[in-house]
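Take a look at the structure below.
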Amino acid sequence: MELKRVVVTGLGAITPLGNNVEDTWKNIAAGKSGCAPITLFNAEKFKTHFACEVKGFDPNEHFDRKEARKLDRYAQFAMVAAQQAIEDAKIDLETEDKNRVGVIFSAGIGGIQTFQEEVGGYTEEGGPHFNPFFIPKMIADIAAGQISITYGFHGPNYGTVSACASSNHGMIDAFNLLRLGKANIIVAGGAEAAICAAGVGGFNSMKALSTRNDEPEKASRPFSASRDGFVMGEGSGCLILEELEHAKARGAHIYAEVAGGGMSADAYHLTATHPEGLGAKLTMRAALEDAGMQPEDIDYINVHGTSTHVGDLGEALAIKDVFGDWAYKLNISSTKSMTGHLLGAAGAVEALICIKALENGIVPPTINHAEGDDDPDIDYNLNFTFNQAQKRELRAVLSNTFGFGGHNATVIFKQYK
């Protein structure tokens, strides 16, 4: 059986750097930080007082009041990003065969704010007074369900949950279903909204978050010696993945082609990545093999790069191992230095950043690296694209995501020809 080719025909985004794709990309390319003091709750008593929040998002501009109350913030982000992507792809909802349109929308956590509110109000003395929408607002698959209900898409419909690798896993699933001919179009993406007391407090207790409260905009500093943890982000990214011949037949604009995907497990630790990057090596090699590519075919890697000591070092070691001499000719960057870490939405947002990089011939930077802040264990002969974007003609880009539990997923996009 000959596998079908899969392309990207629509993009949508709600991120800490913009409430659409163009604003997000403009600020990414300019090297701006989306980090600021937390406004969504009073974080004064927490170890971390800052995060990369979505700014200026009013759900009442997108949903009527009754509908908005049925949706957790993460699902609101998902539905708005999906609407943007569907409109960008110019899918004709009147004539499209909706039985052949699927939705795979991912989250690492889901409705944690809803869970906090509902459980926080329970006492044994008062008894149960739970909202009937508690469970459907909270569950991590409900964004996919809500999108399919809104548009009447009857194709494959679910959400993948693998912590911070969730949306890369979802995009790989969508890619495989499309190239096997199981659908014509799949709305693929991820969403997360965990900037709440439970989310920040939980990650603080693990000592996973940066506590650089005096200069939050510089807190996410991947590959710098002074890195002290990741910065929480929120938002959603959405891609319309489409079988090539179907896209051509309807005259769709094609942003890029999905070249391949790889998956692996560290099988090492609940939260820490393998110190030598074992799982990272396996997933990148698997993606290259799936794409039928050699290391020299990749020009840019959007790394997982969360600004943690073990994670950043392990990924840098893995890149050197997989790419050999070509590792020194690649551009590498962590856009989490600007967006923060969007957890289950990270892969989708970083995928669309990769696609915009392909489109514009611009490699986004890794910001916040200062002179003299070099980690002696990291090879700075690698081009981490520190502090300023670099122009480069890009043929193919690779994007890594790694999640708690040792879940690793890599996607490769290339110029469509």
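Every chain in the structure tokens has a letter given in the order shown (A, B, ...), and although residue numbers restart at 1 in each chain, ligands are simply numbered from 1 in the order shown.
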DSSP helix (DSSP H, G or I) residues within stretch 36-239 of chain A, listed as a ChimeraX atom specification
/A:59-61,65-69,73-89,98-100,112-120,134-138,142-151,166-179,197-205,216-218
Contact table stretch 55-83 of chain A vs stretch 36-48 of chain A, cut-off 12 Å, shortest pair per residue, only C-alpha atoms, as CSV:
residue,atom,partner,partner_atom,distance
A:Lys55,CA,A:Thr39,CA,9.8
A:Gly56,CA,A:Thr39,CA,11.5
A:Phe57,CA,A:Leu40,CA,11.7
A:Arg73,CA,A:Leu40,CA,11.3
Selection to disk with N, CA, C and O atoms, as a PDB file, in the first residue's frame:
ATOM      1  N   LYS A  55      -2.925  37.040  26.987  1.00  0.00           N
ATOM      2  CA  LYS A  55      -3.294  38.402  27.372  1.00  0.00           C
ATOM      3  C   LYS A  55      -4.477  38.911  26.542  1.00  0.00           C
ATOM      4  O   LYS A  55      -4.553  38.678  25.340  1.00  0.00           O
ATOM      5  N   GLY A  56      -5.383  39.592  27.199  1.00  0.00           N
ATOM      6  CA  GLY A  56      -6.495  40.232  26.493  1.00  0.00           C
ATOM      7  C   GLY A  56      -7.504  39.248  25.922  1.00  0.00           C
ATOM      8  O   GLY A  56      -8.199  39.576  24.950  1.00  0.00           O
ATOM      9  N   PHE A  57      -7.596  38.057  26.507  1.00  0.00           N
ATOM     10  CA  PHE A  57      -8.556  37.062  26.012  1.00  0.00           C
ATOM     11  C   PHE A  57      -9.850  37.184  26.802  1.00  0.00           C
ATOM     12  O   PHE A  57      -9.875  36.972  28.018  1.00  0.00           O
ATOM     13  N   ARG A  73     -11.158  27.040  30.653  1.00  0.00           N
ATOM     14  CA  ARG A  73     -10.322  27.973  29.891  1.00  0.00           C
ATOM     15  C   ARG A  73      -9.513  27.261  28.812  1.00  0.00           C
ATOM     16  O   ARG A  73      -9.367  27.759  27.693  1.00  0.00           O
TER      17      ARG A  73
END
Tell me, as a PDB file with N, CA and C atoms, in the first residue's frame, which residues lie within 8 Å of stretch 376-381 of chain A, counting only C-alpha atoms; anything in the same chain fewer than 5 positions away does not count.
ATOM      1  N   PHE A 223      19.642  26.537  28.119  1.00  0.00           N
ATOM      2  CA  PHE A 223      21.059  26.329  27.790  1.00  0.00           C
ATOM      3  C   PHE A 223      21.991  27.348  28.448  1.00  0.00           C
ATOM      4  N   ALA A 225      23.819  28.625  32.091  1.00  0.00           N
ATOM      5  CA  ALA A 225      24.239  27.984  33.341  1.00  0.00           C
ATOM      6  C   ALA A 225      23.307  28.331  34.498  1.00  0.00           C
ATOM      7  N   LEU A 313      20.635  19.804  28.952  1.00  0.00           N
ATOM      8  CA  LEU A 313      21.909  19.139  28.678  1.00  0.00           C
ATOM      9  C   LEU A 313      21.687  17.835  27.925  1.00  0.00           C
ATOM     10  N   ALA A 316      20.849  18.476  24.255  1.00  0.00           N
ATOM     11  CA  ALA A 316      22.026  18.913  23.498  1.00  0.00           C
ATOM     12  C   ALA A 316      22.946  17.734  23.180  1.00  0.00           C
ATOM     13  N   TYR A 328      26.704  20.828  14.083  1.00  0.00           N
ATOM     14  CA  TYR A 328      27.343  22.142  14.173  1.00  0.00           C
ATOM     15  C   TYR A 328      26.946  23.062  13.020  1.00  0.00           C
TER      16      TYR A 328
END
Calculated over only C-alpha atoms, which of the candidates A:Glu67, A:Glu22, A:Glu96, A:Glu234 has the smallest distance to A:Leu342?
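Nearest to A:Leu342: A:Glu234.
The nearest approach to A:Ile14 among the residues A:Thr95, A:Ala140, A:Leu382, A:Ala75, with only C-alpha atoms taken into account, belongs to A:Ala75.
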Can you pull out the residues contacting A:Ser399? Cut-off 9 Å, using only C-alpha atoms, and skip same-chain residues under 3 positions away; I want them as number ranges by chain.
A: 168, 284, 300-304, 347, 350-351, 354, 409-413
Using only C-alpha atoms for the distances, tell me which of A:Ala51, A:Ala272, A:Ile332, A:Leu282 is nearest to A:His309.
A:Ala272
Give one line per residue of stretch 218-319 of chain A that approaches stretch 98-107 of chain A to at most 12 Å, naming the two atoms of the closest pair and their distance in Å to one decimal, counting only C-alpha atoms; sort by chain then ascending residue number and deliver it as CSV.
residue,atom,partner,partner_atom,distance
A:Glu234,CA,A:Ala107,CA,11.0
A:Gly235,CA,A:Ala107,CA,10.6
A:Ser236,CA,A:Ala107,CA,9.4
A:Gly237,CA,A:Phe105,CA,9.5
A:Cys238,CA,A:Phe105,CA,8.3
A:Leu239,CA,A:Phe105,CA,9.9
A:Ile240,CA,A:Val103,CA,9.4
A:Leu241,CA,A:Gly102,CA,9.8
A:Glu242,CA,A:Val101,CA,9.2
A:Glu243,CA,A:Val101,CA,10.8
A:His246,CA,A:Arg100,CA,10.9
Can you work out which one of A:Thr283, A:Gln415, A:Ser166, A:Thr123 has the shortest atom-to-atom distance to A:Ala346, counting only C-alpha atoms?
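That would be A:Ser166, the residue with the smallest distance to A:Ala346.
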Between A:Val322, A:Ser307, A:Asn184, A:Asp297, which one has atoms that come closest to A:Lys248, using only C-alpha atoms?
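Of all the options, A:Asn184 lies closest to A:Lys248.
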Test item: residues at most 10 Å from A:Leu278, only C-alpha atoms, excluding those fewer than 3 positions along its chain, as a ChimeraX atom specification
/A:264-268,273-275,281-283,314-315,317-318,321
Write out, as a compact mmCIF listing (two decimals), in the first residue's frame, the residues just selected, with N, CA and C atoms.
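File part_26.txt, as written:
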# COMPACT_ATOMS: atom_id res chain seq x y z
N SER A 264 9.21 7.64 21.32
CA SER A 264 10.03 6.74 22.14
C SER A 264 9.68 6.95 23.60
N ALA A 265 10.30 6.15 24.45
CA ALA A 265 10.18 6.31 25.90
C ALA A 265 11.56 6.30 26.53
N ASP A 266 11.74 7.14 27.54
CA ASP A 266 12.98 7.11 28.30
C ASP A 266 13.06 5.87 29.19
N ALA A 267 11.90 5.43 29.70
CA ALA A 267 11.87 4.29 30.64
C ALA A 267 12.89 4.50 31.75
N TYR A 268 12.86 5.70 32.34
CA TYR A 268 13.93 6.08 33.26
C TYR A 268 13.42 6.68 34.57
N THR A 273 14.13 13.78 32.42
CA THR A 273 14.54 13.15 31.18
C THR A 273 15.84 12.38 31.40
N HIS A 274 16.12 11.44 30.52
CA HIS A 274 17.35 10.66 30.65
C HIS A 274 18.54 11.60 30.55
N PRO A 275 19.50 11.52 31.47
CA PRO A 275 20.61 12.49 31.49
C PRO A 275 21.48 12.46 30.25
N LYS A 281 17.36 10.71 21.60
CA LYS A 281 18.05 10.13 20.45
C LYS A 281 17.13 9.20 19.68
N LEU A 282 16.42 8.34 20.42
CA LEU A 282 15.55 7.36 19.77
C LEU A 282 14.43 8.01 18.98
N THR A 283 13.79 9.04 19.55
CA THR A 283 12.66 9.65 18.86
C THR A 283 13.10 10.45 17.64
N GLY A 314 20.71 17.03 28.37
CA GLY A 314 20.45 15.75 27.71
C GLY A 314 20.06 15.92 26.26
N GLU A 315 19.25 16.94 25.96
CA GLU A 315 18.82 17.15 24.58
C GLU A 315 19.99 17.61 23.70
N LEU A 317 23.12 16.85 24.15
CA LEU A 317 23.95 15.66 23.92
C LEU A 317 23.32 14.76 22.86
N ALA A 318 22.00 14.62 22.91
CA ALA A 318 21.30 13.77 21.95
C ALA A 318 21.44 14.31 20.53
N ASP A 321 24.78 13.47 19.17
CA ASP A 321 24.90 12.04 18.87
C ASP A 321 24.17 11.69 17.58
Counting only C-alpha atoms, the option among A:Asn213, A:Glu393, A:Lys182, A:Gly152 closest to A:Leu358
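Answer, going by the shortest atom-to-atom distance: A:Glu393.
Atom CA of A:Gly111 lies 14.4 Å from atom CA of A:Pro132.
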In Å, how far is it from atom CA of A:Ser167 to atom CA of A:Ile109?
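Atom-to-atom, atom CA of A:Ser167 and atom CA of A:Ile109 are spaced 11.8 Å apart.
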Residues of stretch 204-345 of chain A in strand (DSSP E) according to DSSP, as a PyMOL selection string?
chain A and resi 235-243+256-265+300-302+331-333
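Taking atom CA of A:Pro222 as the reference point, atom CA of A:His369 is found at 7.7 Å.
For A:Thr9, the set of protein, DNA and RNA residues having any atom at most 9 Å away, when counting only C-alpha atoms and skipping those fewer than 3 positions along the same chain, is Ala85, Ile86, Asp88, Ala89, Lys90, Leu239, Ile240, Leu241, Glu242, Ala247, Ala252, His253, Ile254, Tyr255 and Ala256 of chain A.
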What's around A:Ser226 at 9 Å? Count only C-alpha atoms, leave out sequence neighbours fewer than 6 positions away in its own chain, and write the answer as a ChimeraX atom specification.
/A:309,373-375
